[in-house]
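Report on the structure given below.
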There are 4 protein chains.
Amino acid sequence: MTMKLKTPVIIVNFKAYSEATGKHAVELAKKAEKASKETGVNIVVAPQFIDLCCIAQTVDIPVFAQHIDPIQSGPFTGQVLVDSVKEAGVCGTLVNHSERQLKLADIDAIVKLTRQKNLISCVCTSNPAISAAVAYLHPDIISIEPPELIGTGIAVSKAQPEAVTNTIKLVRKVNDHAVILCGAGISHGEDVSVALKLGTQGVLVASGIVKAKDPYTVLREFADSTKPT
Amino acid sequence: MTMKLKTPVIIVNFKAYSEATGKHAVELAKKAEKASKETGVNIVVAPQFIDLCCIAQTVDIPVFAQHIDPIQSGPFTGQVLVDSVKEAGVCGTLVNHSERQLKLADIDAIVKLTRQKNLISCVCTSNPAISAAVAYLHPDIISIEPPELIGTGIAVSKAQPEAVTNTIKLVRKVNDHAVILCGAGISHGEDVSVALKLGTQGVLVASGIVKAKDPYTVLREFADSTKPT
Amino acid sequence: MTMKLKTPVIIVNFKAYSEATGKHAVELAKKAEKASKETGVNIVVAPQFIDLCCIAQTVDIPVFAQHIDPIQSGPFTGQVLVDSVKEAGVCGTLVNHSERQLKLADIDAIVKLTRQKNLISCVCTSNPAISAAVAYLHPDIISIEPPELIGTGIAVSKAQPEAVTNTIKLVRKVNDHAVILCGAGISHGEDVSVALKLGTQGVLVASGIVKAKDPYTVLREFADSTKPT
Amino acid sequence: MTMKLKTPVIIVNFKAYSEATGKHAVELAKKAEKASKETGVNIVVAPQFIDLCCIAQTVDIPVFAQHIDPIQSGPFTGQVLVDSVKEAGVCGTLVNHSERQLKLADIDAIVKLTRQKNLISCVCTSNPAISAAVAYLHPDIISIEPPELIGTGIAVSKAQPEAVTNTIKLVRKVNDHAVILCGAGISHGEDVSVALKLGTQGVLVASGIVKAKDPYTVLREFADSTKPT
C-alpha cells in the first residue's frame, strides 16, 4: 500500500539555492507550513539532504527528499540510503528530477524501495511518452516538467498545455491512482489554477517560490489558486 | 589558508551502513568522541548527509561529509552544496572515495571550494601515481586506499606496505604539508601502528569500526595504537 | 514507419570480447551469415563500433551497433553519432544493454533518433515492469534480459520463464507491433526453442556464441531450434 | 617504451560533426594527409570510432581515437576496447577530452593500457593544476584546453597565454618528456605560431578545421605557422 497524499498539492523543491539552505531553509519551510495551515492546502517541502532532519522535526507539513539512491544498507559512500531518509521523518522523495536524471532501472529500483518503506515517490518526467513509461513503474506521483521551461518563469501550464493534457491522457490508460502534477516556470497563481483546470492535481515549483522576494505571499497566492472560483 | 588538522588522526567513514544510520549514527559518533577524549587522539566521524547536522550539534569532535558536489548555490536538485555542509557545522569532507569516484576536473573544483570555505578536504586515491597526481591539487589530506582491500579485513598497511610508502615518497616530492593517511582493511590496532610506522599520519576506516561487535573498544584500540610504544 | 525485421531473429552481441574483435569479428560475422543463409533464419550481428564499417561491407546479414548516443551532429567527443552508424551500413542498434544502461530520457531520445533515421532499435530491459515502461517509447524490439543470468549459461527461458511471459503480457497491452526477445544465459538450442514457445520472437545472445569452441555449430543449432518441430 | 611522436604536431579532432563523418571524414583525412606531406609537419586526425578503421587504411598519417574505455577483453557492451583500436591501425587516443571527461582512476587506467599496447595517449586538461596532476600519470601528450574557449574562435594562445605557460612550467617540474599542446579556439595561423612561441609543441584543433569553408587551406596555414620565420 502506498501512502495517501492529500490533493491538490504544491511541492516546493528547495534545490541548492542559498536562499533555501540551512536556517533559510527552516524559515522557508515555516512559511510553507503557515500558508498550508491557513489555506488547508497540502504544501510539501523538499529541502537539501542536510536540512531534512531539522526541517522534518520543525514543521508539521510533509517533507520530501530531493533524491535517494537505489541502495540498501551497505558499503556505499556519499549516497542517500532510504532508511536514513525514513528515520529523519521524511515522508517521500523526488525521483529522476531533470537536474538529477537516473537510469531507467534505477528509477524502478527506487520506486520499489519507497513502496517497501511506505514513502511517497514523485517521479519527474520530461514529456508525455516518458510519463506513460513511468506510469508502468507505479510511482505515487508523476510530475511532468519540460526541462526547457524550468527556471524561465514561462509556465508549463500556459506554454505547453498539451504536454500536460497528453501526459494525463496517456498515464490514465495505464494507471488510475497516480497523482499527476506539472512543473516548470510556475510563477503566478494563475499558472497554478490553469494547471488544475488542465486536469493535474497540483504543481511542482522551485525558483518561483525560493527566489521570490516574498515567498510567503507567493505560497499563499499559489495555495489560494488551487481552489475552485 | 587551510584548516589545521591535529594528527595522528583516525577518520571513521560511516558509509551507508544501517549500523551507522540515524540514532545509531549518533551513538557511534558519541563512542568516537569518548575514545577521542580519553586518549587525546583526533577521531573524525563521516556520517551520511542526513545525519550530519544532528551529529555536528551533538559531539565535540570533527565531523566530515562523505562527499560534496562541485557546485555553488543554484538550480541543482539532489546535490550537496558546500554551504549547506558548512552551515551544519561540518568541518571537512571526503572527496573521490572509491565508492564515489569523481572526474578529475570535479576533484579539482571540490578541493578549491573547500579551501574557499575553510573546510578540510580528504581526497581518496587508489595507487601511488594517483596520490601524486592528487598532491598537485593541494588537498589537506590524501588517503591511499587500494580498492581491492576495502572491506576485506586485510589491512593495506600489512598487505601493500609499498603502496603506502610509495605514496608518501611521491607525494612529498610535490607537497610538504598534506596529511597522508591510508585505509582499506584496517581492523586491528596493529594495522594502525604499522600504518604510522610506514610514515602515515593516520588511517581512514569504515567497516572495521562500524561493523565491529563493540565499536568503542575497537576505537580505543585504534587510538591507543597511534601512540609510540 | 519503422523498418521491418524478419522473425524469428537471433541477435549476436559481440561485446568487447577479443574473440570477436577485428579480424575475429569479421570471421564470426561470416559464420553468422553462413548459418543464416543455410537455415533461412534471420541472424543479426552486433560488433564493436570500430568493426561495424568493415563487417557491414563484408556480410549480407543485418548489422547492429551495440549503442548510439542521444546526439545530433555537433561538438561531441568520443560519442557515437547516429549518422555515422547509418552511413556505415548498419541497420539498427542495441539500446540500454545492462552493461551500458541509460537514463530514461536518453532511451526516449535514442529511440526517436533511430526512428527518424529508419534504423531498428532494440531496447534491453531487466524485468517485466521495465519492459512495459519501455513499450511506451515504441522501440522496434524489446529484449528482456535479467542481469543476474547474463553470462552464466543458465538460460532465462528456463530459469525465469515468468519474466519472459510477464514481459509479453504487459508489453502487448501497450504495444502490438514490438518484436519481443529474451536473453541471458542462452547456450543450448533448447534454450532457444523454449524461448519461442514462451511467446518470444527470438533471442539476444553473446557469450553462448562468442565464447563457444565452435561458434558456427552453435549458431546452426540455435537457428535450427527456432523452427517448429 | 612509448611511441615517438614527431613534433610540432597538429591534432585534428573530428568530434561528432556531420562535416567529418563517413565519406566526409575520409575526405578530410586526405586533406590533412596532403597538407602534412606538403609541409613536412606532423598532422594527426582523430575521427569518430566508426570511421577509424577505414581512415587508418586510407591515409598515411597518424590516426587517433577520440576515446577508449578502461577495459580489457570481456563482457562489456557499447564500449571501446583498446585492442580493437590497435587492430584497426590506430596509433593513439585522446583521453579525458572536456566533452568526454573521465574519473581520475580511469585516466590512470587508460594511460597504462595505451602504454602496454604501444599507443600514444593525449590527455586533455582544463587548467595548469590539472595538467600538473596528469603529468604524474605519464601520458605521452598533455593538451591544455580551457573549456570556456572551446568552439569560440577565441584562441587559448592569445586569450589565456598564462594558462599555457603555467601548464608548461608545472608539467616540466614533474615530467621532461611529455609533449605539451594547447587547444580551444585555435582558428588562425597566428594562433598556432603564438602557441609554439609560448613553448608548446603543437595544437589540438577541431571546429577551426572541421567547420572551415576550406579545411585544406586552413590546415596548410596552420602547418606553415608551425615553422620558424
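As shown in the C-alpha cells, the chain order sets the letters A, B, ...; within each chain, residues go from 1, and ligands are also counted from 1 in the order they appear.
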
Quick one: which chain C residues come within 8 Å of chain D, and what is the nearest atom pair for each with the distance in Å to one decimal, counting only C-alpha atoms, rows ordered by chain and ascending number, as JSON lines?
{"residue": "C:Asn13", "atom": "CA", "partner": "D:Thr77", "partner_atom": "CA", "distance": 7.9}
{"residue": "C:Lys15", "atom": "CA", "partner": "D:Thr77", "partner_atom": "CA", "distance": 4.7}
{"residue": "C:Ala16", "atom": "CA", "partner": "D:Phe76", "partner_atom": "CA", "distance": 5.3}
{"residue": "C:Tyr17", "atom": "CA", "partner": "D:Ser73", "partner_atom": "CA", "distance": 4.7}
{"residue": "C:Ser18", "atom": "CA", "partner": "D:Ser73", "partner_atom": "CA", "distance": 5.2}
{"residue": "C:Thr21", "atom": "CA", "partner": "D:Ser84", "partner_atom": "CA", "distance": 5.8}
{"residue": "C:Gly22", "atom": "CA", "partner": "D:Ser84", "partner_atom": "CA", "distance": 6.0}
{"residue": "C:Gln48", "atom": "CA", "partner": "D:Gly78", "partner_atom": "CA", "distance": 6.8}
{"residue": "C:Phe49", "atom": "CA", "partner": "D:Ile50", "partner_atom": "CA", "distance": 5.4}
{"residue": "C:Ile50", "atom": "CA", "partner": "D:Ile50", "partner_atom": "CA", "distance": 4.9}
{"residue": "C:Asp51", "atom": "CA", "partner": "D:Ile50", "partner_atom": "CA", "distance": 7.3}
{"residue": "C:Leu52", "atom": "CA", "partner": "D:Ile50", "partner_atom": "CA", "distance": 6.5}
{"residue": "C:Cys53", "atom": "CA", "partner": "D:Ile50", "partner_atom": "CA", "distance": 6.3}
{"residue": "C:Cys54", "atom": "CA", "partner": "D:Cys53", "partner_atom": "CA", "distance": 7.7}
{"residue": "C:Ala65", "atom": "CA", "partner": "D:Gly78", "partner_atom": "CA", "distance": 7.8}
{"residue": "C:Gln66", "atom": "CA", "partner": "D:Gly78", "partner_atom": "CA", "distance": 4.8}
{"residue": "C:His67", "atom": "CA", "partner": "D:Gly78", "partner_atom": "CA", "distance": 5.0}
{"residue": "C:Ile68", "atom": "CA", "partner": "D:Gly78", "partner_atom": "CA", "distance": 8.0}
{"residue": "C:Gln72", "atom": "CA", "partner": "D:Ala16", "partner_atom": "CA", "distance": 7.9}
{"residue": "C:Ser73", "atom": "CA", "partner": "D:Tyr17", "partner_atom": "CA", "distance": 4.7}
{"residue": "C:Gly74", "atom": "CA", "partner": "D:Tyr17", "partner_atom": "CA", "distance": 4.8}
{"residue": "C:Pro75", "atom": "CA", "partner": "D:Lys15", "partner_atom": "CA", "distance": 5.7}
{"residue": "C:Phe76", "atom": "CA", "partner": "D:Ala16", "partner_atom": "CA", "distance": 5.3}
{"residue": "C:Thr77", "atom": "CA", "partner": "D:Lys15", "partner_atom": "CA", "distance": 4.7}
{"residue": "C:Gly78", "atom": "CA", "partner": "D:Gln66", "partner_atom": "CA", "distance": 4.8}
{"residue": "C:Gln79", "atom": "CA", "partner": "D:Ala16", "partner_atom": "CA", "distance": 7.0}
{"residue": "C:Val80", "atom": "CA", "partner": "D:Gln48", "partner_atom": "CA", "distance": 7.2}
{"residue": "C:Leu81", "atom": "CA", "partner": "D:Ala16", "partner_atom": "CA", "distance": 6.2}
{"residue": "C:Asp83", "atom": "CA", "partner": "D:Ser18", "partner_atom": "CA", "distance": 7.5}
{"residue": "C:Ser84", "atom": "CA", "partner": "D:Thr21", "partner_atom": "CA", "distance": 5.9}
{"residue": "C:Val85", "atom": "CA", "partner": "D:Ile50", "partner_atom": "CA", "distance": 7.0}
{"residue": "C:Glu87", "atom": "CA", "partner": "D:Gly22", "partner_atom": "CA", "distance": 6.1}
{"residue": "C:Ala88", "atom": "CA", "partner": "D:Gly22", "partner_atom": "CA", "distance": 7.0}
{"residue": "C:His97", "atom": "CA", "partner": "D:Thr77", "partner_atom": "CA", "distance": 6.9}
{"residue": "C:Glu99", "atom": "CA", "partner": "D:Thr77", "partner_atom": "CA", "distance": 5.5}
{"residue": "C:Arg100", "atom": "CA", "partner": "D:Thr77", "partner_atom": "CA", "distance": 6.0}
{"residue": "C:Gly151", "atom": "CA", "partner": "D:Pro75", "partner_atom": "CA", "distance": 7.9}
{"residue": "C:Ser207", "atom": "CA", "partner": "D:Pro75", "partner_atom": "CA", "distance": 8.0}

Any idea what's packed within 12 Å of A:Gly40, counting only C-alpha atoms, ignoring anything in its chain fewer than 4 positions away? Could you give it as a ChimeraX atom specification?
/A:6-10,32-36,61,220,223-224,226-227

Coordinates-based distance that separates atom CA of A:Ile130 from atom CA of C:Pro139 (Å, one decimal)
12.8 Å

Env of stretch 105-120 of chain A: 6 Å cut, atoms = only C-alpha atoms, seq-sep filter 6 positions within chain, self excluded. Answer as JSON, numbers by chain.
{"A": [70, 91, 92, 139, 140]}

Suppose we keep N, CA and C atoms; can you now write the selection as a CSV table (one decimal), in the first residue's frame?
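So the final result, stored in result.csv, reads:
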chain,number,residue,atom,x,y,z
A,70,PRO,N,19.5,4.1,-5.2
A,70,PRO,CA,18.9,2.7,-5.3
A,70,PRO,C,19.7,1.7,-4.5
A,91,CYS,N,8.8,11.9,4.4
A,91,CYS,CA,7.7,11.0,4.0
A,91,CYS,C,7.7,10.7,2.5
A,92,GLY,N,8.7,11.3,1.8
A,92,GLY,CA,8.7,10.9,0.4
A,92,GLY,C,9.9,11.5,-0.3
A,139,PRO,N,4.7,4.7,-9.6
A,139,PRO,CA,5.0,5.6,-8.5
A,139,PRO,C,3.7,6.3,-8.0
A,140,ASP,N,3.9,7.0,-6.9
A,140,ASP,CA,2.7,7.6,-6.3
A,140,ASP,C,2.3,8.9,-7.0

My list of candidates is A:Ser131, A:Lys197, A:His138, A:Glu148. Which is closest to A:Asn166 when distances are computed with only C-alpha atoms?
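When distances to A:Asn166 are compared using only C-alpha atoms, the smallest one comes from A:Ser131.
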